Each structure stands twice: as structure tokens, then as C-alpha cells.
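The next block holds one structure in the form of C-alpha cells; read it before the comments.
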Amino acid sequence: MTIKDLKEIMDSTSDAAVLIDGDGVVTAINAACVALLGAGRAVVGRQCHELFAGTSEVGKVCEADCCVLGAVHAGRPLRNFDMQVNTTTGRQWCNVTVLHSGSRTRPWALNIFRVVDVRKRLEMLVRDFVATTTGLDQEMASKVLAHGRPALQVSLTSQEQKVLKLLSRGESTAGVAKELGISPTTAANHIQRAMVKLSAHTRLDAVRRAQHAGII
């Protein structure tokens with residue numbers, strides 16, 4: 001997949017998207033990211049961790065040797081996660097989905113940011129309330145709440161799951177077809193069926209919904 005292909009994918013989503021190389025340097029951002037950051041496209045060439053300065057509830061997430069770069073270089077898939085970042089309106093919570101090349105020769109990672117500030121703050125308030133009223137620590141209270149959260153009721157075939165896993169690594173339709181030994185048309189059909197089952201409007205959305213539900 002070329003940089004041009006990746007930029008087209010970035011421009012196809014209304015969520016903020018940032019493309020970084022294997023050293024964590026920003027190589028491209030989309031219009032939604034410009035609007036979120038208010039920093040303009042001059043951020044290209046900067047270190048990603050300096051740009052977002054991401055933190056979680058327990059401390060710093062964004063740093064020179066972060067979990068995203070670790071996953072990129074190890075070729076390891078990474079679950080979506082929440083972190084608080086710099087935006088035009090101050091610090092906001094975003095849910096981050098990471099798609100990466102899985103290549104050691106020319107690594108890259110596409111980070112998709114969706115603002116979830118209200119949802120996250122409500123979760124933290126509920127967690128703190130549960131911790132206070134039950135005597136549980138915050139970590140255990142979070143696990144109790146997560147266990148009680150309804151899962152997405154979707155049944156994907158093994159082939160559809162494989163297709164989504166490959167898409168999460170940045171594979172194109174042709175790449176998926178080659179990996180699975182099927183025709184591009186068949187691969188496209190699997191992708192479309194998975195999107196319909198997940199009520200997703202884009203491939204990126206399908207991947208994120210599947211990751212959030214623990215399907216892939």
C-alpha cells in the first residue's frame with residue numbers, strides 16, 4: 001500500500017487521522033485532524049508524541065518509544081484505546097484505532113482519533129462512584145463495569161474475521177485476496193458482508209467496531 005493509497009483512506013473518514021512512519025514522525029494528516037488540533041498541516045515532520053502529548057488515567061501514553069511504535073516494529077496488532085490529547089478546545093479524550101503495515105522494512109502506522117470526551121468522563125464518574133460506594137479500587141471498579149457492558153451481537157464467519165484482521169493491518173482488497181488465496185471479487189464480497197453485519201459505513205469503521213466488540 002502506497003502513501004497515496006493511505007492518504008485516500010484518510011480523506012475518506014470524517015474522524016481525525018494521522019499517518020506516522022516507523023520513527024514516530026508525522027508524514028500526513030487529514031482535514032479532520034487539522035480541525036481537531038487547530039495546528040494546520042505544518043505539523044507534518046514533527047514527532048507524533050510532541051503533537052498530541054497523550055495521557056491516560058494513569059499517566060503518559062505518548063512518548064518517543066510508545067506502545068504504538070512497539071507494535072509497529074513487532075508487527076503486532078494493537079487494540080483501540082482511550083487517551084487525552086491536545087485539541088483546539090483544550091485537553092479532550094479520544095478513542096484511538098491504530099492500523100499499521102506490519103512491515104519491518106518500511107513501517108508506518110495510521111492513527112484514527114474519535115472524540116469521546118463526554119462518554120469517557122461519564123465512565124470515570126461512574127467508576128469513581130462504584131469505587132466509593134463498594135470499597136473497590138478504581139481498577140477493579142473499571143473491570144466490574146466493563147464486564148457488565150453489553151457486547152455487540154454480531155456473528156462473523158471465520159473468513160470475515162480474517163478479512164477484518166488483514167484490513168486492520170492496512171491491507172488493500174488485493175492484499176487480502178493474496179493473503180487468503182481468493183479472488184479480489186470474493187475478498188470484496190467478504191468485506192462488504194462484514195460491513196453490513198457490523199452496520200459500518202466504511203472499512204475503517206468496520207475494523208473499529210469489530211475491535212471494540214472483541215471480535216478481532
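Residues are referred to by chain and number: the chain letter is A, B, ... according to the order shown in the C-alpha cells, the number counts from 1 in that chain, and ligands are numbered separately from 1 in the order shown.
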
Legend entry - Who sits within 7 Å of A:Ala53, only C-alpha atoms, same chain under 3 positions skipped, as a ChimeraX atom specification: /A:49-50,62,85-86

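Taking only C-alpha atoms into account, A:Gly214 lies nearest to A:Ser155 out of the set A:Ser155, A:Thr134, A:Thr186, A:Arg121.
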
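Atom CA of A:Lys197 sits 28.3 Å away from atom CA of A:Met83.
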
Legend entry - Spatial neighbours of A:Thr185, max dist 9 Å, only C-alpha atoms, sep filter under 5 positions, as an MDAnalysis selection string: chainID A and resid 173 177 190

Inset, instruction - Find the distance between atom CA of A:Ala35 and atom CA of A:Asn95 and write it in Å to one decimal. - result: 16.5 Å

Inset, instruction - Write out as a ChimeraX atom specification all residues of stretch 56-215 of chain A that DSSP puts in strand (DSSP E) for this structure's backbone. - result: /A:56,59-60,81-87,90-100,108-115

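Taking only C-alpha atoms into account, A:Ala213 lies nearest to A:Leu156 out of the set A:Cys94, A:Val196, A:Leu156, A:Ile9.
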
Inset, instruction - Please identify all polymer residues within 12 Å of A:Gly45, counting only C-alpha atoms, omitting same-chain residues fewer than 2 positions from it, and present them as number ranges by chain. - result: A: 18-21, 23-29, 41-43, 47-51

At a cut-off of 10 Å, can you tabulate as a Markdown table every residue of stretch 25-71 of chain A near stretch 112-120 of chain A together with its closest atom pair and the distance in Å to one decimal, using only C-alpha atoms and ordering rows by chain then number?
| residue | atom | partner | partner_atom | distance |
| --- | --- | --- | --- | --- |
| A:Ala32 | CA | A:Phe113 | CA | 9.4 |
| A:Cys33 | CA | A:Phe113 | CA | 8.1 |
| A:Leu36 | CA | A:Val115 | CA | 9.0 |

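Shortest atom-to-atom contact with A:Ala174 among A:Ala74, A:Ser199, A:Thr55, A:Ala187: A:Ala187, counting only C-alpha atoms.
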
Inset, instruction - Identify, with DSSP run on backbone atoms, the residues in stretch 15-148 of chain A assigned to helix (DSSP H, G or I), and express the list as a ChimeraX atom specification. - result: /A:31-37,41-43,48-52,67-74,117-134,138-147

Using only C-alpha atoms, please write the residues we just selected to a file, as a PDB file, in the first residue's frame.
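Generated file (selection-v5.pdb):
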ATOM      1  CA  ALA A  31      -8.645  17.837   7.281  1.00  0.00           C
ATOM      2  CA  ALA A  32     -10.482  16.446  10.311  1.00  0.00           C
ATOM      3  CA  CYS A  33      -7.198  16.283  12.203  1.00  0.00           C
ATOM      4  CA  VAL A  34      -6.380  19.877  11.260  1.00  0.00           C
ATOM      5  CA  ALA A  35      -9.775  20.898  12.673  1.00  0.00           C
ATOM      6  CA  LEU A  36      -9.218  18.875  15.854  1.00  0.00           C
ATOM      7  CA  LEU A  37      -5.728  20.198  16.535  1.00  0.00           C
ATOM      8  CA  ARG A  41      -0.595  20.842   8.141  1.00  0.00           C
ATOM      9  CA  ALA A  42       2.667  22.367   9.350  1.00  0.00           C
ATOM     10  CA  VAL A  43       2.691  19.566  11.925  1.00  0.00           C
ATOM     11  CA  CYS A  48       3.697  12.429  16.988  1.00  0.00           C
ATOM     12  CA  HIS A  49       4.179  12.301  20.759  1.00  0.00           C
ATOM     13  CA  GLU A  50       5.053  16.008  20.858  1.00  0.00           C
ATOM     14  CA  LEU A  51       1.954  16.852  18.845  1.00  0.00           C
ATOM     15  CA  PHE A  52      -0.652  15.007  20.913  1.00  0.00           C
ATOM     16  CA  CYS A  67       3.198   1.206  22.628  1.00  0.00           C
ATOM     17  CA  VAL A  68       2.131   2.089  19.078  1.00  0.00           C
ATOM     18  CA  LEU A  69       5.687   2.130  17.732  1.00  0.00           C
ATOM     19  CA  GLY A  70       6.429  -1.034  19.687  1.00  0.00           C
ATOM     20  CA  ALA A  71       3.509  -2.775  17.976  1.00  0.00           C
ATOM     21  CA  VAL A  72       4.542  -1.409  14.576  1.00  0.00           C
ATOM     22  CA  HIS A  73       8.092  -2.745  14.819  1.00  0.00           C
ATOM     23  CA  ALA A  74       6.970  -6.074  16.281  1.00  0.00           C
ATOM     24  CA  ASP A 117     -14.783  13.182  25.822  1.00  0.00           C
ATOM     25  CA  VAL A 118     -18.328  13.095  27.238  1.00  0.00           C
ATOM     26  CA  ARG A 119     -18.517   9.300  27.198  1.00  0.00           C
ATOM     27  CA  LYS A 120     -15.123   8.945  28.874  1.00  0.00           C
ATOM     28  CA  ARG A 121     -15.856  11.488  31.589  1.00  0.00           C
ATOM     29  CA  LEU A 122     -19.164   9.769  32.367  1.00  0.00           C
ATOM     30  CA  GLU A 123     -17.379   6.405  32.564  1.00  0.00           C
ATOM     31  CA  MET A 124     -14.862   7.865  35.006  1.00  0.00           C
ATOM     32  CA  LEU A 125     -17.621   9.402  37.147  1.00  0.00           C
ATOM     33  CA  VAL A 126     -19.499   6.089  37.285  1.00  0.00           C
ATOM     34  CA  ARG A 127     -16.288   4.202  38.025  1.00  0.00           C
ATOM     35  CA  ASP A 128     -15.416   6.563  40.878  1.00  0.00           C
ATOM     36  CA  PHE A 129     -18.963   6.263  42.247  1.00  0.00           C
ATOM     37  CA  VAL A 130     -18.787   2.460  42.179  1.00  0.00           C
ATOM     38  CA  ALA A 131     -15.346   2.522  43.804  1.00  0.00           C
ATOM     39  CA  THR A 132     -16.560   4.861  46.559  1.00  0.00           C
ATOM     40  CA  THR A 133     -19.787   3.012  47.339  1.00  0.00           C
ATOM     41  CA  THR A 134     -18.376  -0.526  47.173  1.00  0.00           C
ATOM     42  CA  GLN A 138     -10.565   2.052  40.658  1.00  0.00           C
ATOM     43  CA  GLU A 139      -9.048  -0.760  38.584  1.00  0.00           C
ATOM     44  CA  MET A 140     -11.447  -3.370  39.973  1.00  0.00           C
ATOM     45  CA  ALA A 141     -14.413  -0.995  39.604  1.00  0.00           C
ATOM     46  CA  SER A 142     -13.475  -0.498  35.943  1.00  0.00           C
ATOM     47  CA  LYS A 143     -13.375  -4.270  35.404  1.00  0.00           C
ATOM     48  CA  VAL A 144     -16.804  -4.690  37.009  1.00  0.00           C
ATOM     49  CA  LEU A 145     -18.280  -2.017  34.747  1.00  0.00           C
ATOM     50  CA  ALA A 146     -16.580  -3.439  31.647  1.00  0.00           C
ATOM     51  CA  HIS A 147     -17.872  -6.930  32.435  1.00  0.00           C
TER      52      HIS A 147
END

Legend entry - Test item: residues at most 12 Å from A:Thr157, only C-alpha atoms, excluding those fewer than 6 positions along its chain, as a ChimeraX atom specification: /A:163-164,190-191,193-194,197,215-216

Write the residues of the preceding selection, restricted to C-alpha atoms, as a compact mmCIF listing (two decimals), in the first residue's frame.
# COMPACT_ATOMS: atom_id res chain seq x y z
CA VAL A 163 -10.55 -10.28 6.26
CA LEU A 164 -11.07 -7.68 9.01
CA HIS A 190 -16.42 -10.78 2.38
CA ILE A 191 -15.56 -7.20 3.28
CA ARG A 193 -20.82 -8.63 4.20
CA ALA A 194 -18.76 -7.89 7.31
CA LYS A 197 -23.26 -7.16 9.73
CA ILE A 215 -14.26 -9.97 17.55
CA ILE A 216 -10.76 -9.37 16.18

Inset, instruction - Kindly indicate which residue among A:Met10, A:Leu166, A:Ala210, A:Ala200 lies nearest to A:Ser101, using only C-alpha atoms for the distances. - result: A:Leu166

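With only C-alpha atoms as the atoms that count, the minimum distance from A:Leu6 to the choices A:Arg104, A:Arg169, A:Lys60, A:Arg46 is reached by A:Arg169.
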
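Closest approach to A:Ala16 among A:Val207, A:Met195, A:Leu110, A:Ile182: A:Leu110, based on only C-alpha atoms.
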